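Colleague: Sharing a structure with you now.
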Amino acid sequence: MRTYETYIFDLDGTLLDSLEDLKDAVNHALRLSGLPERTIDEVRGFVGNGVGKLVERSVPGGKDNSHFPQVMADFNSYYLLHSCDKTQPYPGVTDLLGRLRSKGKRVAVVSNKFDEAVKLLIARYFNGLVEVAIGEKPGISRKPAPDTVVEALRELGADGSRAVYIGDSDVDVLTARNAGLPCISVLWGFRSREFLEKHGAQTFVSSPKEIF
């Protein structure tokens with residue numbers, strides 16, 4: 001069994017079950033602009049490439065819709081206030097992070113969610129368990145570009161040759177590949193095993209304790 005010293009996690013669908021709050025924020029913003037709301041399954045299919053893409057996919061016509069800028073602004077302002085209404089860590093995740101840290105492992109989170117929300121959620125749910133948390137912000141490319149992973153390793157002062165990336169989506173599989181890291185795909189998140197296998201995933205876990 002291969003062992004690692006650094007564990008870099010995706011956030012939504014991997015550590016946090018945040019889908020209900022994302023759906024509520026999307027529908028709140030759509031409703032304010034008089035646009036049709038989205039189902040939970042639609043939102044599940046829209047997430048993974050950042051908030052901008054989530055809103056773009058949710059708005060009929062995407063960025064070509066004149067309402068898009070307002071929906072984007074309304075989503076952001078609402079989500080910052082309501083990102084913890086229904087969101088919870090997946091069962092076993094907090095224990096996993098605690099066990100990793102107790103063994104001296106380095107832990108980081110990289111997300112396509114905007115940076116302010118990432119740091120808020122990490123402080124709320126995993127305070128003291130995650131050393132570095134990086135979200136979408138100016139000057140750093142979103143996943144699947146490797147930039148957030150490279151930055152996390154730099155801030156940790158960690159060796160990438162002993163690091164692993166953990167996520168729940170096709171974006172995460174590509175991110176790990178682009179960063180030159182092995183990837184563990186979780187099966188409790190927003191994508192099915194069949195979908196992940198079609199997108200190149202090879203190593204799977206069904207519960208957080210399997211990662212440890």
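Identifiers in this document derive from the order of the structure tokens: chains are assigned A, B, ..., residues are numbered from 1 separately in each chain, and ligands are numbered from 1 in order of occurrence.
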Run DSSP on the backbone of this structure and report the residues of segment 52-208 of chain A it assigns to strand (DSSP E or B), as a list in words.
Modeller: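 Taking segment 52-208 of chain A and keeping strand (DSSP E or B) gives Gln88, Pro89, Arg106, Val107, Ala108, Val109, Val110, Ser111, Asn112, Lys113, Phe114, Val132, Ala133, Ile134, Gly135, Glu136, Lys137, Ile140, Ala163, Val164, Tyr165, Ile166, Gly167, Cys183, Ile184, Ser185, Val186, Phe204 and Val205 of chain A.
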Colleague: Please provide as an MDAnalysis selection string all residues within 8 Å of Asn27 of chain A, with the sequence filter that same-chain residues fewer than 4 positions apart are discarded (counting only C-alpha atoms).
Modeller: chainID A and resid 23 31 37:38
Colleague: Find the residues near Arg177 of chain A: any atom within 10 Å, counting only C-alpha atoms, skip ones fewer than 6 places away on the same chain, and give them as a ChimeraX atom specification.
Modeller: /A:144-146,165,171,183,200
Colleague: Which of chain A counts as helix (DSSP H, G or I) under DSSP, as a ChimeraX atom specification please?
Modeller: /A:19-32,40-46,51-58,62-64,68-82,93-102,115-125,147-156,160-162,170-179,193-198,208-211
Colleague: Nearest to Phe9 of chain A: which of A:Asn65, A:Gln88, A:Thr175, A:Ser77 is it, counting only C-alpha atoms?
Modeller: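 Once distances to Phe9 of chain A are computed over only C-alpha atoms, the minimum belongs to A:Thr175.
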Colleague: Which neighbours of Phe126 of chain A fall inside 10 Å, counting only C-alpha atoms, when residues of the same chain fewer than 3 positions from it are skipped, and could you give them as a list of chain:residue names?
Modeller: A:Leu15, A:Pro89, A:Val93, A:Thr94, A:Leu97, A:Gly98, A:Lys119, A:Leu120, A:Leu121, A:Ile122, A:Ala123, A:Leu129, A:Val130, A:Glu131
